[in-house]
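**Student:** Got a structure for you, start_17.pdb, holding PDB, C-alpha atoms and all ligand atoms.
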ATOM      1  CA  MET A  26       0.000   0.000   0.000  1.00  0.00           C
ATOM      2  CA  SER A  27       1.315   3.398  -0.834  1.00  0.00           C
ATOM      3  CA  GLU A  28       0.836   6.368   1.435  1.00  0.00           C
ATOM      4  CA  GLY A  29      -1.003   8.154  -1.313  1.00  0.00           C
ATOM      5  CA  VAL A  30      -0.749  11.756  -2.313  1.00  0.00           C
ATOM      6  CA  ARG A  31      -0.150  14.228   0.464  1.00  0.00           C
ATOM      7  CA  THR A  32      -2.108  17.403   0.305  1.00  0.00           C
ATOM      8  CA  SER A  33      -0.645  20.638   1.529  1.00  0.00           C
ATOM      9  CA  LEU A  34      -2.354  22.513   4.310  1.00  0.00           C
ATOM     10  CA  SER A  35      -3.125  25.450   2.096  1.00  0.00           C
ATOM     11  CA  ILE A  36      -5.020  23.297  -0.359  1.00  0.00           C
ATOM     12  CA  SER A  37      -7.138  21.609   2.269  1.00  0.00           C
ATOM     13  CA  HIS A  38      -7.714  25.054   3.738  1.00  0.00           C
ATOM     14  CA  ASP A  39      -8.986  26.280   0.393  1.00  0.00           C
ATOM     15  CA  VAL A  40     -11.429  23.392   0.306  1.00  0.00           C
ATOM     16  CA  ASP A  41     -12.537  24.095   3.856  1.00  0.00           C
ATOM     17  CA  ARG A  42     -13.071  27.761   3.356  1.00  0.00           C
ATOM     18  CA  SER A  43     -15.243  27.316   0.304  1.00  0.00           C
ATOM     19  CA  ALA A  44     -17.401  24.740   2.063  1.00  0.00           C
ATOM     20  CA  GLU A  45     -18.712  26.836   4.908  1.00  0.00           C
ATOM     21  CA  PRO A  46     -19.673  30.496   5.174  1.00  0.00           C
ATOM     22  CA  LEU A  47     -18.222  32.769   7.828  1.00  0.00           C
ATOM     23  CA  VAL A  48     -21.665  33.787   8.999  1.00  0.00           C
ATOM     24  CA  ARG A  49     -25.197  33.748   7.650  1.00  0.00           C
ATOM     25  CA  LEU A  50     -26.765  37.133   6.977  1.00  0.00           C
ATOM     26  CA  GLU A  51     -29.762  36.449   9.210  1.00  0.00           C
ATOM     27  CA  ARG A  52     -27.345  36.341  12.136  1.00  0.00           C
ATOM     28  CA  LEU A  53     -25.775  39.657  11.165  1.00  0.00           C
ATOM     29  CA  PRO A  54     -28.303  42.521  11.312  1.00  0.00           C
ATOM     30  CA  ASP A  55     -27.571  45.742   9.463  1.00  0.00           C
ATOM     31  CA  GLY A  56     -25.015  47.776  11.430  1.00  0.00           C
ATOM     32  CA  ALA A  57     -23.951  44.830  13.559  1.00  0.00           C
ATOM     33  CA  PHE A  58     -20.608  43.153  14.101  1.00  0.00           C
ATOM     34  CA  ALA A  59     -19.742  39.495  14.384  1.00  0.00           C
ATOM     35  CA  GLU A  60     -16.537  37.832  15.444  1.00  0.00           C
ATOM     36  CA  VAL A  61     -15.635  34.698  13.530  1.00  0.00           C
ATOM     37  CA  GLU A  62     -12.671  32.371  13.484  1.00  0.00           C
ATOM     38  CA  ALA A  63     -11.176  31.625  10.095  1.00  0.00           C
ATOM     39  CA  VAL A  64      -7.956  30.391   8.571  1.00  0.00           C
ATOM     40  CA  VAL A  65      -6.222  33.241   6.736  1.00  0.00           C
ATOM     41  CA  ASP A  66      -2.956  32.594   4.914  1.00  0.00           C
ATOM     42  CA  GLY A  67      -2.633  29.329   6.839  1.00  0.00           C
ATOM     43  CA  ASP A  68      -3.141  30.847  10.299  1.00  0.00           C
ATOM     44  CA  ALA A  69      -6.232  30.633  12.492  1.00  0.00           C
ATOM     45  CA  GLU A  70      -7.371  34.202  13.000  1.00  0.00           C
ATOM     46  CA  SER A  71     -10.173  36.070  14.689  1.00  0.00           C
ATOM     47  CA  LEU A  72     -12.040  38.330  12.256  1.00  0.00           C
ATOM     48  CA  ILE A  73     -14.342  41.296  12.724  1.00  0.00           C
ATOM     49  CA  VAL A  74     -17.244  41.060  10.293  1.00  0.00           C
ATOM     50  CA  TYR A  75     -19.371  44.188   9.861  1.00  0.00           C
ATOM     51  CA  ARG A  76     -22.583  44.548   7.911  1.00  0.00           C
ATOM     52  CA  ASP A  77     -23.447  47.838   6.241  1.00  0.00           C
ATOM     53  CA  GLY A  78     -26.730  47.291   4.420  1.00  0.00           C
ATOM     54  CA  ASP A  79     -26.019  45.004   1.482  1.00  0.00           C
ATOM     55  CA  HIS A  80     -22.275  45.304   2.023  1.00  0.00           C
ATOM     56  CA  VAL A  81     -20.173  43.299   4.440  1.00  0.00           C
ATOM     57  CA  ARG A  82     -16.588  44.114   5.367  1.00  0.00           C
ATOM     58  CA  ALA A  83     -14.100  42.156   7.406  1.00  0.00           C
ATOM     59  CA  TRP A  84     -10.832  42.898   9.148  1.00  0.00           C
ATOM     60  CA  LEU A  85      -8.430  40.990  11.325  1.00  0.00           C
ATOM     61  CA  ASN A  86      -9.449  41.393  14.946  1.00  0.00           C
ATOM     62  CA  ILE A  87      -6.043  42.844  15.767  1.00  0.00           C
ATOM     63  CA  CYS A  88      -5.657  46.478  16.751  1.00  0.00           C
ATOM     64  CA  PRO A  89      -2.716  48.232  15.049  1.00  0.00           C
ATOM     65  CA  HIS A  90      -1.944  50.057  18.297  1.00  0.00           C
ATOM     66  CA  ALA A  91      -0.803  47.216  20.558  1.00  0.00           C
ATOM     67  CA  GLY A  92      -1.988  44.090  18.775  1.00  0.00           C
ATOM     68  CA  ARG A  93      -4.892  43.417  21.104  1.00  0.00           C
ATOM     69  CA  ARG A  94      -8.330  42.163  20.091  1.00  0.00           C
ATOM     70  CA  LEU A  95     -10.855  44.947  19.649  1.00  0.00           C
ATOM     71  CA  ASP A  96     -13.806  43.194  21.312  1.00  0.00           C
ATOM     72  CA  TRP A  97     -14.183  43.327  25.106  1.00  0.00           C
ATOM     73  CA  ALA A  98     -15.591  39.780  25.080  1.00  0.00           C
ATOM     74  CA  PRO A  99     -15.815  37.439  22.082  1.00  0.00           C
ATOM     75  CA  GLY A 100     -18.104  39.127  19.538  1.00  0.00           C
ATOM     76  CA  GLN A 101     -18.834  42.126  21.787  1.00  0.00           C
ATOM     77  CA  PHE A 102     -17.631  45.241  19.984  1.00  0.00           C
ATOM     78  CA  LEU A 103     -18.028  48.873  20.984  1.00  0.00           C
ATOM     79  CA  LYS A 104     -19.527  51.317  18.501  1.00  0.00           C
ATOM     80  CA  SER A 105     -19.364  55.049  19.158  1.00  0.00           C
ATOM     81  CA  LYS A 106     -22.272  57.457  18.671  1.00  0.00           C
ATOM     82  CA  ASP A 107     -20.683  58.626  15.439  1.00  0.00           C
ATOM     83  CA  GLY A 108     -20.593  55.074  14.122  1.00  0.00           C
ATOM     84  CA  HIS A 109     -16.958  54.167  14.682  1.00  0.00           C
ATOM     85  CA  LEU A 110     -15.621  50.864  15.948  1.00  0.00           C
ATOM     86  CA  VAL A 111     -13.837  51.521  19.236  1.00  0.00           C
ATOM     87  CA  CYS A 112     -11.042  49.256  20.443  1.00  0.00           C
ATOM     88  CA  ALA A 113     -11.883  48.017  23.928  1.00  0.00           C
ATOM     89  CA  ALA A 114      -8.236  48.080  25.016  1.00  0.00           C
ATOM     90  CA  HIS A 115      -7.276  51.759  24.770  1.00  0.00           C
ATOM     91  CA  GLY A 116     -10.091  53.403  22.836  1.00  0.00           C
ATOM     92  CA  ALA A 117      -8.755  53.793  19.298  1.00  0.00           C
ATOM     93  CA  SER A 118     -11.645  54.620  16.932  1.00  0.00           C
ATOM     94  CA  PHE A 119     -11.883  53.159  13.446  1.00  0.00           C
ATOM     95  CA  GLU A 120     -14.111  54.260  10.607  1.00  0.00           C
ATOM     96  CA  LEU A 121     -15.985  51.361   9.085  1.00  0.00           C
ATOM     97  CA  THR A 122     -15.347  51.865   5.382  1.00  0.00           C
ATOM     98  CA  GLY A 123     -11.600  51.431   5.139  1.00  0.00           C
ATOM     99  CA  GLY A 124     -10.901  50.491   8.755  1.00  0.00           C
ATOM    100  CA  GLU A 125      -8.695  53.520   9.343  1.00  0.00           C
ATOM    101  CA  CYS A 126      -8.039  54.738  12.873  1.00  0.00           C
ATOM    102  CA  VAL A 127      -9.473  58.256  13.057  1.00  0.00           C
ATOM    103  CA  ALA A 128      -8.871  58.956  16.755  1.00  0.00           C
ATOM    104  CA  GLY A 129      -6.752  57.495  19.520  1.00  0.00           C
ATOM    105  CA  PRO A 130      -3.270  56.085  19.905  1.00  0.00           C
ATOM    106  CA  CYS A 131      -2.850  54.679  16.380  1.00  0.00           C
ATOM    107  CA  ARG A 132      -4.453  57.493  14.397  1.00  0.00           C
ATOM    108  CA  GLY A 133      -3.740  57.105  10.666  1.00  0.00           C
ATOM    109  CA  GLU A 134      -3.066  53.367  10.849  1.00  0.00           C
ATOM    110  CA  SER A 135      -5.602  50.829   9.624  1.00  0.00           C
ATOM    111  CA  LEU A 136      -7.041  47.476  10.475  1.00  0.00           C
ATOM    112  CA  ARG A 137      -5.998  44.762   8.020  1.00  0.00           C
ATOM    113  CA  ALA A 138      -8.851  44.178   5.579  1.00  0.00           C
ATOM    114  CA  ILE A 139      -9.869  40.637   4.695  1.00  0.00           C
ATOM    115  CA  GLY A 140     -11.736  40.032   1.445  1.00  0.00           C
ATOM    116  CA  VAL A 141     -15.236  38.666   1.849  1.00  0.00           C
ATOM    117  CA  THR A 142     -18.223  38.273  -0.441  1.00  0.00           C
ATOM    118  CA  VAL A 143     -21.952  37.942   0.117  1.00  0.00           C
ATOM    119  CA  ARG A 144     -23.702  35.159  -1.728  1.00  0.00           C
ATOM    120  CA  ASP A 145     -26.567  32.764  -1.068  1.00  0.00           C
ATOM    121  CA  GLY A 146     -27.551  34.704   2.047  1.00  0.00           C
ATOM    122  CA  ALA A 147     -24.184  34.289   3.731  1.00  0.00           C
ATOM    123  CA  VAL A 148     -20.743  35.856   4.046  1.00  0.00           C
ATOM    124  CA  TRP A 149     -17.847  33.936   2.552  1.00  0.00           C
ATOM    125  CA  LEU A 150     -14.116  34.345   2.816  1.00  0.00           C
ATOM    126  CA  GLY A 151     -12.505  35.542  -0.404  1.00  0.00           C
ATOM    127  CA  ASP A 152     -13.218  38.186  -3.031  1.00  0.00           C
TER     128      ASP A 152
HETATM  129  S1  LIG B   1      -4.675  47.952  21.451  1.00  0.00           S
HETATM  130 FE1  LIG B   1      -6.362  48.978  20.534  1.00  0.00          FE
HETATM  131  S2  LIG B   1      -6.179  51.016  21.245  1.00  0.00           S
HETATM  132 FE2  LIG B   1      -4.505  49.988  22.183  1.00  0.00          FE
END
Mind turning the file's structure into C-alpha cells?
**Tutor:**
Amino acid sequence: MSEGVRTSLSISHDVDRSAEPLVRLERLPDGAFAEVEAVVDGDAESLIVYRDGDHVRAWLNICPHAGRRLDWAPGQFLKSKDGHLVCAAHGASFELTGGECVAGPCRGESLRAIGVTVRDGAVWLGD
C-alpha cells in the first residue's frame, strides 16, 4: 500500500473555506458586528465582520496600536455614537469603510482588511 498523495495545508484550507460560510446574513443585522474564526494565509485568526446594508466588510481582529483584540468579550464590539468601531483596550476609533483609525493612539493606521463576499444569504471568505 502506498501512502497516497499528500495534500498541503493550504489546499485543504482552500477546500474548507469554500465549504462553509463565515456567517449567515440572518445572524448579522444591518449595522452589527460578528466575530468569527477563520484560517487566513494558513493561520487561524479572529475576524471582525461588519454589515453595512447590502455590504459586508471584514478585518483581522487585531488592533494596530498594541496588537490586542478589539472586542471586550468574544463578539462584543463597541460602537461610538458617530458610528466608529472603538477598540476596547485603549479606545482607538476606526471608521468602518476602510478600517482607518481616526482617533486614539494609532491614528492614521488601519485594520488589516480581509476580502469577503456575500452570496446565497451568507458571508464567505474571499473576493
Ligand atoms: S490595542 Fe487597541 S487602542 Fe490599544
**Student:** Which residues of chain A have any atom within 8 Å of an atom in ligand LIG 1 (chain B) when counting only C-alpha atoms and all ligand atoms, and what is the closest pair of atoms for each, with the distance in Å to one decimal? Order the rows by chain and rising number and write it as a Markdown table.
**Tutor:**
| residue | atom | partner | partner_atom | distance |
| --- | --- | --- | --- | --- |
| A:Ile87 | CA | B:LIG1 | S1 | 7.8 |
| A:Cys88 | CA | B:LIG1 | FE1 | 4.6 |
| A:Pro89 | CA | B:LIG1 | FE1 | 6.6 |
| A:His90 | CA | B:LIG1 | FE2 | 4.7 |
| A:Ala91 | CA | B:LIG1 | S1 | 4.0 |
| A:Gly92 | CA | B:LIG1 | S1 | 5.4 |
| A:Arg93 | CA | B:LIG1 | S1 | 4.6 |
| A:Arg94 | CA | B:LIG1 | S1 | 7.0 |
| A:Leu95 | CA | B:LIG1 | FE1 | 6.1 |
| A:Val111 | CA | B:LIG1 | S2 | 7.9 |
| A:Cys112 | CA | B:LIG1 | FE1 | 4.7 |
| A:Ala113 | CA | B:LIG1 | FE1 | 6.6 |
| A:Ala114 | CA | B:LIG1 | FE1 | 4.9 |
| A:His115 | CA | B:LIG1 | S2 | 3.8 |
| A:Gly116 | CA | B:LIG1 | S2 | 4.9 |
| A:Ala117 | CA | B:LIG1 | S2 | 4.3 |
| A:Ser118 | CA | B:LIG1 | S2 | 7.8 |
| A:Gly129 | CA | B:LIG1 | S2 | 6.7 |
| A:Pro130 | CA | B:LIG1 | S2 | 6.0 |
| A:Cys131 | CA | B:LIG1 | S2 | 6.9 |
**Student:** Can I get the selected residues back with C-alpha atoms, as a compact mmCIF listing (two decimals), in the frame of the given file?
**Tutor:**
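So the final result, stored in again16.txt, reads:
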# COMPACT_ATOMS: atom_id res chain seq x y z
CA ILE A 87 -6.04 42.84 15.77
CA CYS A 88 -5.66 46.48 16.75
CA PRO A 89 -2.72 48.23 15.05
CA HIS A 90 -1.94 50.06 18.30
CA ALA A 91 -0.80 47.22 20.56
CA GLY A 92 -1.99 44.09 18.77
CA ARG A 93 -4.89 43.42 21.10
CA ARG A 94 -8.33 42.16 20.09
CA LEU A 95 -10.86 44.95 19.65
CA VAL A 111 -13.84 51.52 19.24
CA CYS A 112 -11.04 49.26 20.44
CA ALA A 113 -11.88 48.02 23.93
CA ALA A 114 -8.24 48.08 25.02
CA HIS A 115 -7.28 51.76 24.77
CA GLY A 116 -10.09 53.40 22.84
CA ALA A 117 -8.76 53.79 19.30
CA SER A 118 -11.64 54.62 16.93
CA GLY A 129 -6.75 57.50 19.52
CA PRO A 130 -3.27 56.08 19.90
CA CYS A 131 -2.85 54.68 16.38
**Student:** What would the selection look like, as a ChimeraX atom specification, if the PyMOL selection byres (((chain A and resi 136-148) around 6) and not hetatm) were run on the coordinates I just shared?
**Tutor:** /A:46-50,83-85,124,135,149-152
**Student:** Pull C-alpha atoms from the residues just selected and write them as a PDB file, in the coordinates of the input.
**Tutor:**
ATOM      1  CA  PRO A  46     -19.673  30.496   5.174  1.00  0.00           C
ATOM      2  CA  LEU A  47     -18.222  32.769   7.828  1.00  0.00           C
ATOM      3  CA  VAL A  48     -21.665  33.787   8.999  1.00  0.00           C
ATOM      4  CA  ARG A  49     -25.197  33.748   7.650  1.00  0.00           C
ATOM      5  CA  LEU A  50     -26.765  37.133   6.977  1.00  0.00           C
ATOM      6  CA  ALA A  83     -14.100  42.156   7.406  1.00  0.00           C
ATOM      7  CA  TRP A  84     -10.832  42.898   9.148  1.00  0.00           C
ATOM      8  CA  LEU A  85      -8.430  40.990  11.325  1.00  0.00           C
ATOM      9  CA  GLY A 124     -10.901  50.491   8.755  1.00  0.00           C
ATOM     10  CA  SER A 135      -5.602  50.829   9.624  1.00  0.00           C
ATOM     11  CA  TRP A 149     -17.847  33.936   2.552  1.00  0.00           C
ATOM     12  CA  LEU A 150     -14.116  34.345   2.816  1.00  0.00           C
ATOM     13  CA  GLY A 151     -12.505  35.542  -0.404  1.00  0.00           C
ATOM     14  CA  ASP A 152     -13.218  38.186  -3.031  1.00  0.00           C
TER      15      ASP A 152
END
**Student:** Set up a box along x, y and z of the file covering all listed atoms of range 51-60 of chain A, add 6 Å on every one of the six sides, and write the centre and edge lengths in Å to one decimal, as AutoDock Vina command-line options.
**Tutor:**
--center_x -23.1 --center_y 42.1 --center_z 12.3 --size_x 25.2 --size_y 23.4 --size_z 18.2
**Student:** One decimal, Å: what's the distance from CA of Gly78 in chain A over to CA of Asp55 in chain A, could you say?
**Tutor:**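 Going from CA of Gly78 in chain A over to CA of Asp55 in chain A, I get 5.3 Å.
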**Student:** Name the residues that the PyMOL selection byres (((chain A and resi 56-71) around 7) and not hetatm) pulls out of this structure, and write them as a VMD selection string.
**Tutor:** chain A and resid 35 47 53 to 55 72 to 77 85 to 86 99 to 100 102
**Student:** So how many Å separate CA of Glu120 in chain A and CA of Gly108 in chain A, to one decimal?
**Tutor:**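 Between CA of Glu120 in chain A and CA of Gly108 in chain A the gap is 7.4 Å.
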**Student:** Under the rule that only C-alpha atoms are counted, which of A:His80, A:Arg52, A:Glu134, A:Leu121 is the nearest residue to His109 in chain A?
**Tutor:**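 Once distances to His109 in chain A are computed over only C-alpha atoms, the minimum belongs to A:Leu121.
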**Student:** Between CA of Cys126 in chain A and CA of Trp97 in chain A, measure the distance and give it in Å to one decimal.
**Tutor:**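 Computing it gives 17.8 Å between the two atoms.
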